[in-house]
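Source file: final_1.cif. Holds: mmCIF, C-alpha atoms.
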```
data_target
loop_
_atom_site.label_atom_id
_atom_site.label_comp_id
_atom_site.auth_asym_id
_atom_site.auth_seq_id
_atom_site.Cartn_x
_atom_site.Cartn_y
_atom_site.Cartn_z
CA MET Z 53 9.35 21.72 38.90
CA LEU Z 54 10.98 19.90 36.01
CA ASN Z 55 14.66 20.61 35.46
CA LEU Z 56 16.68 20.31 32.26
CA GLY Z 57 17.62 16.72 33.11
CA ASN Z 58 13.96 15.72 33.26
CA TYR Z 59 13.27 17.29 29.87
CA LEU Z 60 16.23 15.49 28.32
CA GLU Z 61 15.03 12.21 29.80
CA TYR Z 62 11.61 12.73 28.19
CA ILE Z 63 13.31 13.38 24.84
CA GLY Z 64 15.04 10.01 25.20
CA TYR Z 65 11.75 8.28 25.97
CA ILE Z 66 10.05 9.90 22.98
CA ALA Z 67 12.89 8.90 20.66
CA SER Z 68 12.76 5.30 21.95
CA LEU Z 69 8.99 5.16 21.43
CA ILE Z 70 9.24 6.45 17.85
CA VAL Z 71 11.95 3.90 16.98
CA LEU Z 72 9.82 1.15 18.53
CA ILE Z 73 6.76 2.25 16.53
CA SER Z 74 8.81 2.21 13.33
CA LEU Z 75 9.47 -1.52 13.81
CA LEU Z 76 5.72 -2.18 13.75
CA MET Z 77 5.34 -0.85 10.20
CA SER Z 78 4.68 -3.40 7.46
CA SER Z 79 5.65 -0.88 4.78
CA VAL Z 80 9.44 -0.64 4.45
CA LYS Z 81 9.20 2.97 3.27
CA ARG Z 82 7.07 4.00 6.26
CA LEU Z 83 9.42 2.12 8.57
CA ARG Z 84 12.40 4.04 7.17
CA TRP Z 85 10.68 7.43 7.56
CA ILE Z 86 9.55 6.86 11.14
CA ASN Z 87 12.87 5.30 12.10
CA LEU Z 88 14.65 8.30 10.56
CA ILE Z 89 12.65 10.70 12.75
CA GLY Z 90 13.34 8.61 15.85
CA SER Z 91 17.04 8.39 15.04
CA VAL Z 92 17.32 12.15 14.54
CA ILE Z 93 15.78 12.78 17.97
CA PHE Z 94 17.92 10.05 19.54
CA SER Z 95 21.07 11.49 18.01
CA VAL Z 96 20.25 14.98 19.31
CA TYR Z 97 19.46 13.46 22.71
CA GLY Z 98 22.80 11.65 22.78
CA PHE Z 99 24.78 14.80 22.05
CA LEU Z 100 22.76 16.85 24.56
CA ILE Z 101 23.56 14.45 27.40
CA HIS Z 102 27.18 14.18 26.17
CA ALA Z 103 26.79 10.47 25.38
CA LEU Z 104 28.87 10.48 22.18
CA PRO Z 105 28.37 6.75 21.36
CA VAL Z 106 24.58 7.24 21.42
CA GLY Z 107 24.74 10.44 19.37
CA VAL Z 108 27.21 9.12 16.80
CA MET Z 109 25.52 5.73 16.39
CA ASN Z 110 22.11 7.28 15.80
CA LEU Z 111 23.62 9.84 13.44
CA GLY Z 112 24.92 6.87 11.47
CA ILE Z 113 21.39 5.38 11.45
CA VAL Z 114 20.07 8.71 10.16
CA ILE Z 115 22.55 8.57 7.28
CA ILE Z 116 21.65 4.95 6.49
CA ASN Z 117 17.89 5.67 6.52
CA THR Z 118 18.41 8.75 4.34
CA TYR Z 119 20.44 6.71 1.84
CA TYR Z 120 17.83 3.96 1.52
CA LEU Z 121 14.96 6.44 1.28
CA TYR Z 122 16.82 8.19 -1.53
CA GLN Z 123 17.23 4.82 -3.26
CA MET Z 124 13.51 4.07 -2.87
CA TYR Z 125 12.39 7.41 -4.31
CA SER Z 126 14.93 7.53 -7.13
CA LYS Z 127 14.63 3.89 -8.18
CA LYS Z 128 12.50 3.22 -11.25
CA ASP Z 129 10.00 0.44 -10.72
CA TYR Z 130 8.70 -1.76 -13.52
CA PHE Z 131 5.07 -2.85 -13.41
CA THR Z 132 3.32 -5.53 -15.43
CA LEU Z 133 -0.24 -6.81 -15.57
CA LEU Z 134 -0.27 -10.60 -15.84
CA LYS Z 135 -3.60 -12.09 -16.83
CA LEU Z 136 -4.23 -15.58 -15.48
CA GLY Z 137 -5.67 -18.32 -17.60
CA ASN Z 138 -6.75 -21.72 -16.36
CA GLN Z 139 -3.61 -22.21 -14.25
CA THR Z 140 -4.73 -20.76 -10.91
CA GLU Z 141 -2.72 -22.85 -8.43
CA TYR Z 142 -0.50 -19.93 -7.43
CA PHE Z 143 -3.50 -17.58 -7.33
CA ASN Z 144 -5.27 -19.93 -4.91
CA HIS Z 145 -2.14 -20.14 -2.75
CA PHE Z 146 -1.80 -16.33 -2.78
CA MET Z 147 -5.46 -15.83 -1.80
CA SER Z 148 -5.23 -18.44 0.95
CA PHE Z 149 -2.05 -16.91 2.39
CA TYR Z 150 -3.43 -13.34 2.46
CA LYS Z 151 -7.08 -14.29 3.05
CA GLU Z 152 -7.40 -12.77 6.53
CA ASN Z 153 -5.68 -9.52 5.55
CA ILE Z 154 -7.73 -9.17 2.34
CA GLU Z 155 -10.98 -9.69 4.24
CA SER Z 156 -9.98 -6.98 6.73
CA PHE Z 157 -10.24 -4.47 3.85
CA MET Z 158 -13.09 -5.79 1.72
CA GLU Z 159 -15.72 -8.47 1.38
CA VAL Z 160 -14.48 -11.35 -0.77
CA GLU Z 161 -16.95 -13.09 -3.05
CA LYS Z 162 -17.18 -16.85 -2.93
CA ASP Z 163 -16.36 -19.27 -5.74
CA LEU Z 164 -13.63 -17.24 -7.43
CA GLU Z 165 -13.02 -20.28 -9.64
CA ASP Z 166 -16.09 -19.25 -11.66
CA PRO Z 167 -15.01 -18.35 -15.26
CA LYS Z 168 -16.88 -15.03 -14.99
CA TYR Z 169 -14.01 -13.67 -12.90
CA ILE Z 170 -11.01 -12.17 -14.66
CA LYS Z 171 -7.87 -12.55 -12.55
CA LEU Z 172 -4.79 -10.36 -12.88
CA PHE Z 173 -1.52 -10.30 -10.98
CA ILE Z 174 0.30 -6.99 -10.75
CA LEU Z 175 4.04 -7.60 -10.93
CA ARG Z 176 6.40 -5.02 -9.48
CA ASN Z 177 9.93 -5.69 -10.68
CA THR Z 178 8.75 -9.25 -11.50
CA VAL Z 179 7.43 -9.78 -7.93
CA PRO Z 180 3.68 -10.61 -7.57
CA ALA Z 181 2.91 -7.53 -5.44
CA GLY Z 182 -0.85 -7.33 -5.92
CA VAL Z 183 -3.88 -9.07 -7.31
CA VAL Z 184 -6.97 -7.77 -9.09
CA VAL Z 185 -10.13 -9.79 -9.68
CA THR Z 186 -12.83 -8.36 -11.92
CA LYS Z 187 -16.13 -9.37 -13.45
CA ILE Z 188 -18.15 -7.92 -16.30
CA ARG Z 189 -21.22 -5.91 -15.26
CA ASN Z 190 -22.24 -4.89 -18.79
CA ASP Z 191 -20.65 -4.05 -22.13
CA LYS Z 192 -19.08 -0.85 -20.77
CA THR Z 193 -18.67 -1.52 -17.05
CA LEU Z 194 -16.14 -3.72 -15.28
CA GLU Z 195 -16.54 -4.41 -11.56
CA ILE Z 196 -13.41 -4.64 -9.43
CA VAL Z 197 -14.14 -7.48 -7.01
CA ILE Z 198 -10.71 -7.61 -5.36
CA ASP Z 199 -7.96 -5.00 -5.46
CA TYR Z 200 -5.24 -6.05 -3.02
CA VAL Z 201 -1.59 -5.14 -2.57
CA ILE Z 202 0.70 -7.00 -0.19
CA PRO Z 203 1.85 -4.93 2.84
CA ALA Z 204 5.44 -4.34 1.68
CA TYR Z 205 4.29 -2.49 -1.48
CA ARG Z 206 1.55 -0.20 -0.15
CA ASP Z 207 2.87 3.14 -1.37
CA PHE Z 208 0.13 3.83 -3.96
CA LYS Z 209 2.48 3.20 -6.91
CA ILE Z 210 0.63 0.02 -7.86
CA GLY Z 211 -2.74 1.77 -7.60
CA ASN Z 212 -1.51 4.62 -9.81
CA PHE Z 213 -0.14 2.10 -12.30
CA LEU Z 214 -3.43 0.17 -12.41
CA TYR Z 215 -5.93 3.03 -12.53
CA GLU Z 216 -3.94 5.67 -14.40
CA GLY Z 217 -1.18 3.88 -16.28
CA GLN Z 218 -3.45 1.08 -17.46
CA LYS Z 219 -6.49 3.09 -18.51
CA ASP Z 220 -5.82 2.15 -22.13
CA PHE Z 221 -5.76 -1.54 -21.17
CA PHE Z 222 -9.31 -1.36 -19.83
CA ILE Z 223 -10.53 0.94 -22.62
CA SER Z 224 -9.07 -1.40 -25.26
CA GLN Z 225 -11.24 -4.16 -23.77
CA GLY Z 226 -14.29 -1.93 -24.35
CA TYR Z 227 -14.79 -0.65 -20.79
CA ASP Z 228 -15.11 3.02 -19.92
CA THR Z 229 -16.29 2.60 -16.31
CA LEU Z 230 -14.87 0.77 -13.30
CA LEU Z 231 -17.11 -0.09 -10.38
CA THR Z 232 -16.25 -1.47 -6.94
CA LYS Z 233 -17.83 -2.00 -3.54
CA PRO Z 234 -16.59 0.29 -0.77
CA GLY Z 235 -14.79 -1.98 1.72
CA ASN Z 236 -13.59 -0.54 5.03
CA GLU Z 237 -12.75 3.13 5.65
CA LYS Z 238 -9.09 2.74 4.76
CA HIS Z 239 -10.00 1.05 1.48
CA GLN Z 240 -12.52 3.79 0.70
CA ASN Z 241 -9.86 6.46 1.25
CA TYR Z 242 -7.61 4.54 -1.14
CA LEU Z 243 -10.38 4.43 -3.76
CA LYS Z 244 -10.94 8.20 -3.46
CA ARG Z 245 -7.22 8.78 -3.93
CA MET Z 246 -7.37 6.63 -7.07
CA GLY Z 247 -10.13 8.82 -8.52
CA PHE Z 248 -13.22 6.78 -7.60
CA ILE Z 249 -16.33 8.65 -6.50
CA PRO Z 250 -19.24 7.30 -4.41
CA GLU Z 251 -22.32 6.45 -6.45
CA THR Z 252 -25.60 4.60 -5.94
CA VAL Z 253 -26.16 1.96 -8.61
CA ASN Z 254 -29.42 -0.01 -8.60
CA ASP Z 255 -30.00 1.06 -4.99
CA GLU Z 256 -26.55 -0.24 -3.94
CA PHE Z 257 -23.61 1.87 -2.78
CA TYR Z 258 -20.48 1.66 -4.94
CA TYR Z 259 -17.38 3.61 -5.88
CA LEU Z 260 -17.14 4.46 -9.57
CA LYS Z 261 -14.31 5.62 -11.83
CA ASN Z 262 -14.92 7.04 -15.29
CA LEU Z 263 -11.97 6.05 -17.48
CA SER Z 264 -12.81 8.59 -20.17
CA VAL Z 265 -12.00 11.52 -17.85
#
```
Would you mind writing the structure in this file as structure tokens?
Amino acid sequence: MLNLGNYLEYIGYIASLIVLISLLMSSVKRLRWINLIGSVIFSVYGFLIHALPVGVMNLGIVIINTYYLYQMYSKKDYFTLLKLGNQTEYFNHFMSFYKENIESFMEVEKDLEDPKYIKLFILRNTVPAGVVVTKIRNDKTLEIVIDYVIPAYRDFKIGNFLYEGQKDFFISQGYDTLLTKPGNEKHQNYLKRMGFIPETVNDEFYYLKNLSV
């Protein structure tokens, strides 16, 4: 039969595991949330076993995580779409650096140097946090070939900025429909969250967003 000491020991193991998992997160916000949960449990564990240094230290970590999470949620971010012209040296470096991660989400078309592709960087507080590559399907439809955000900024704010905040940008260019290939399951879930719906176009499966809605 398990006694109280055994249960407390399991609480310590669980807290340690949660803190360890938090360090595997590429998203700073997710890291803070998971680390906060682990620290709360660790702090409670420390006080329950009368280990004041453990309880107090982890209580301090709880306060620090709470402070930074408050800063993240209350801070106003500034987003900008930066259209690339002929100078694509940094774009090529960006694509090369994140190539493996991008291809884990979606299929990347070859020969992105072709002039038919329209390349945009999404700046978040002046930092190149994402890249969008598009091509014209017809007078009213723009196909999103690449929609990628670097790991540290994957909190859906960039997606909301692009597909909701920048509707007028696309409409002003004459497009009322965005089209994109599905990618992996995680990417498909992201597209659904951004308002894309699955559609079959010319016998091919796509996700489509009507900008006039």
For a quick check of understanding, using only C-alpha atoms, which of Z:Asn177, Z:Asn153, Z:Ser78, Z:Asn110 has the smallest distance to Z:Asn236? Z:Asn153
As a check of understanding, name the residues that the PyMOL selection byres ((chain Z and resi 131) around 7) selects in the supplied structure, as an NGL selection string. :Z and (129-130 or 132-133 or 174-177)
Name the residues captured by the PyMOL selection byres ((chain Z and resi 114) around 12) when it is applied to the shown file; answer as a ChimeraX atom specification. /Z:71,84-96,107-113,115-121
May I ask for the distance between atom CA of Z:Gly226 and atom CA of Z:Ser264, given in Å to one decimal place?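 Between these atoms lies a distance of 11.4 Å.
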For the atom pair atom CA of Z:Pro105 and atom CA of Z:Ser79, what is the interatomic distance in Å to one decimal place?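 Atom-to-atom, atom CA of Z:Pro105 and atom CA of Z:Ser79 are spaced 29.1 Å apart.
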One decimal place gives the atom CA of Z:Lys135-atom CA of Z:Leu172 separation as 4.5 Å
Measuring atom to atom with only C-alpha atoms, identify which of Z:Lys187, Z:Lys233, Z:Lys151, Z:Lys162 is nearest to Z:Ile202.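 Checking each of Z:Lys187, Z:Lys233, Z:Lys151, Z:Lys162 against Z:Ile202, counting only C-alpha atoms, the winner is Z:Lys151.
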Given the choices Z:Gln123, Z:Arg206, Z:Leu104, Z:Phe157, which gets closest to Z:Gln240 if the distance is worked out from all atoms listed in the file?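 Comparing Z:Gln123, Z:Arg206, Z:Leu104, Z:Phe157 against Z:Gln240, the winner is Z:Phe157.
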Could you check the closest approach to Z:Phe222 for each of Z:Ile210, Z:Ile198, Z:Leu263, Z:Ile188 and tell me which residue wins, using only C-alpha atoms? Z:Leu263
Please provide the set of residues having any atom within 10 Å of Z:Tyr215, restricted to only C-alpha atoms, with same-chain residues fewer than 2 positions apart removed, written as a list of chain:residue names. Z:Ile210, Z:Gly211, Z:Asn212, Z:Phe213, Z:Gly217, Z:Gln218, Z:Lys219, Z:Asp220, Z:Phe221, Z:Phe222, Z:Leu230, Z:Leu243, Z:Met246, Z:Gly247, Z:Phe248, Z:Lys261, Z:Leu263
Do you know which residues are at most 8 Å from Z:Pro234 counting all atoms listed in the file, after dropping those on the same chain fewer than 5 positions away, and could you put them as an MDAnalysis selection string? chainID Z and resid 158 239:240 257:259
Best match for closeness to Z:Ile66 among Z:Asn254, Z:Thr232, Z:Gln225, Z:Tyr97, counting all atoms listed in the file: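 The answer is Z:Tyr97, which sits nearest to Z:Ile66.
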Near-Z:Asp199 list (9 Å; only C-alpha atoms; drop same-chain fewer than 3 positions) as a PyMOL selection string: chain Z and resi 154+158+182-186+196+211
Z:Tyr227: which residues within 7 Å, counting only C-alpha atoms, same-chain residues fewer than 6 positions away excluded, as a list of chain:residue names? Z:Asp191, Z:Lys192, Z:Thr193, Z:Leu194
Sphere at (3.7, -5.2, 2.4), radius 12 Å, counting all atoms listed in the file: residues as a ChimeraX atom specification: /Z:76-83,150,153,179-182,200-208,210
Starting from 8 Å padding per side, set up an axis-aligned box that covers all listed atoms of stretch 106-110 of chain Z and hand over centre and edge lengths in Å, one decimal, as AutoDock Vina command-line options.
```
--center_x 24.7 --center_y 8.1 --center_z 18.6 --size_x 21.1 --size_y 20.7 --size_z 21.6
```
Judged by all atoms listed in the file, the minimum distance to Z:Glu256 among Z:Ile170, Z:Leu231, Z:Leu214, Z:Lys128 is found for Z:Leu231
Could you expand the PyMOL selection byres ((chain Z and resi 137) around 10) into the explicit residues it covers here, written as a ChimeraX atom specification? /Z:134-136,138-140,167,170-172
Step by step: locate stretch 212-239 of chain Z in the block above, keep N, CA and C atoms, then write the file as a JSON list (two decimals), in the first residue's frame.
```json
[["chain", "number", "residue", "atom", "x", "y", "z"],
["Z", 212, "ASN", "N", -3.17, 35.64, -37.90],
["Z", 212, "ASN", "CA", -4.32, 36.56, -37.79],
["Z", 212, "ASN", "C", -4.03, 37.88, -38.49],
["Z", 213, "PHE", "N", -2.80, 38.36, -38.34],
["Z", 213, "PHE", "CA", -2.42, 39.61, -39.02],
["Z", 213, "PHE", "C", -2.50, 39.44, -40.53],
["Z", 214, "LEU", "N", -1.98, 38.32, -41.03],
["Z", 214, "LEU", "CA", -1.91, 38.10, -42.48],
["Z", 214, "LEU", "C", -3.29, 37.90, -43.08],
["Z", 215, "TYR", "N", -4.09, 37.02, -42.48],
["Z", 215, "TYR", "CA", -5.34, 36.61, -43.12],
["Z", 215, "TYR", "C", -6.57, 37.40, -42.68],
["Z", 216, "GLU", "N", -6.45, 38.14, -41.60],
["Z", 216, "GLU", "CA", -7.56, 39.01, -41.19],
["Z", 216, "GLU", "C", -7.17, 40.47, -41.31],
["Z", 217, "GLY", "N", -6.04, 40.83, -40.72],
["Z", 217, "GLY", "CA", -5.62, 42.23, -40.74],
["Z", 217, "GLY", "C", -5.22, 42.73, -42.10],
["Z", 218, "GLN", "N", -4.79, 41.83, -42.98],
["Z", 218, "GLN", "CA", -4.32, 42.25, -44.30],
["Z", 218, "GLN", "C", -5.27, 41.86, -45.43],
["Z", 219, "LYS", "N", -6.52, 41.62, -45.10],
["Z", 219, "LYS", "CA", -7.50, 41.32, -46.16],
["Z", 219, "LYS", "C", -7.53, 42.42, -47.21],
["Z", 220, "ASP", "N", -7.52, 43.66, -46.74],
["Z", 220, "ASP", "CA", -7.59, 44.80, -47.68],
["Z", 220, "ASP", "C", -6.38, 44.85, -48.60],
["Z", 221, "PHE", "N", -5.23, 44.38, -48.10],
["Z", 221, "PHE", "CA", -4.02, 44.36, -48.93],
["Z", 221, "PHE", "C", -4.24, 43.45, -50.13],
["Z", 222, "PHE", "N", -4.77, 42.26, -49.88],
["Z", 222, "PHE", "CA", -5.00, 41.31, -50.98],
["Z", 222, "PHE", "C", -6.13, 41.80, -51.88],
["Z", 223, "ILE", "N", -7.19, 42.31, -51.29],
["Z", 223, "ILE", "CA", -8.34, 42.79, -52.07],
["Z", 223, "ILE", "C", -7.93, 43.96, -52.95],
["Z", 224, "SER", "N", -7.06, 44.84, -52.43],
["Z", 224, "SER", "CA", -6.61, 45.99, -53.21],
["Z", 224, "SER", "C", -5.79, 45.57, -54.42],
["Z", 225, "GLN", "N", -5.22, 44.35, -54.36],
["Z", 225, "GLN", "CA", -4.48, 43.83, -55.50],
["Z", 225, "GLN", "C", -5.41, 43.13, -56.50],
["Z", 226, "GLY", "N", -6.70, 43.06, -56.15],
["Z", 226, "GLY", "CA", -7.69, 42.48, -57.06],
["Z", 226, "GLY", "C", -8.08, 41.04, -56.74],
["Z", 227, "TYR", "N", -7.58, 40.51, -55.60],
["Z", 227, "TYR", "CA", -7.85, 39.11, -55.27],
["Z", 227, "TYR", "C", -8.95, 39.01, -54.21],
["Z", 228, "ASP", "N", -9.88, 38.10, -54.43],
["Z", 228, "ASP", "CA", -10.92, 37.87, -53.42],
["Z", 228, "ASP", "C", -10.88, 36.45, -52.86],
["Z", 229, "THR", "N", -9.92, 35.64, -53.37],
["Z", 229, "THR", "CA", -9.82, 34.25, -52.93],
["Z", 229, "THR", "C", -8.35, 33.87, -52.74],
["Z", 230, "LEU", "N", -8.07, 33.21, -51.61],
["Z", 230, "LEU", "CA", -6.74, 32.65, -51.36],
["Z", 230, "LEU", "C", -6.85, 31.13, -51.41],
["Z", 231, "LEU", "N", -5.84, 30.52, -52.00],
["Z", 231, "LEU", "CA", -5.85, 29.08, -52.20],
["Z", 231, "LEU", "C", -4.51, 28.54, -51.72],
["Z", 232, "THR", "N", -4.51, 27.37, -51.08],
["Z", 232, "THR", "CA", -3.23, 26.78, -50.66],
["Z", 232, "THR", "C", -3.35, 25.27, -50.56],
["Z", 233, "LYS", "N", -2.25, 24.59, -50.77],
["Z", 233, "LYS", "CA", -2.23, 23.13, -50.62],
["Z", 233, "LYS", "C", -2.22, 22.78, -49.13],
["Z", 234, "PRO", "N", -2.67, 21.58, -48.78],
["Z", 234, "PRO", "CA", -2.92, 21.26, -47.38],
["Z", 234, "PRO", "C", -1.72, 21.14, -46.46],
["Z", 235, "GLY", "N", -0.61, 20.57, -46.89],
["Z", 235, "GLY", "CA", 0.50, 20.34, -45.97],
["Z", 235, "GLY", "C", 0.18, 19.23, -44.98],
["Z", 236, "ASN", "N", 0.95, 19.16, -43.88],
["Z", 236, "ASN", "CA", 0.71, 18.09, -42.91],
["Z", 236, "ASN", "C", -0.50, 18.42, -42.02],
["Z", 237, "GLU", "N", -0.82, 17.52, -41.10],
["Z", 237, "GLU", "CA", -2.03, 17.69, -40.29],
["Z", 237, "GLU", "C", -1.97, 18.95, -39.44],
["Z", 238, "LYS", "N", -0.81, 19.24, -38.88],
["Z", 238, "LYS", "CA", -0.68, 20.44, -38.05],
["Z", 238, "LYS", "C", -0.91, 21.69, -38.89],
["Z", 239, "HIS", "N", -0.37, 21.69, -40.10],
["Z", 239, "HIS", "CA", -0.56, 22.84, -40.98],
["Z", 239, "HIS", "C", -2.03, 22.97, -41.40]]
```
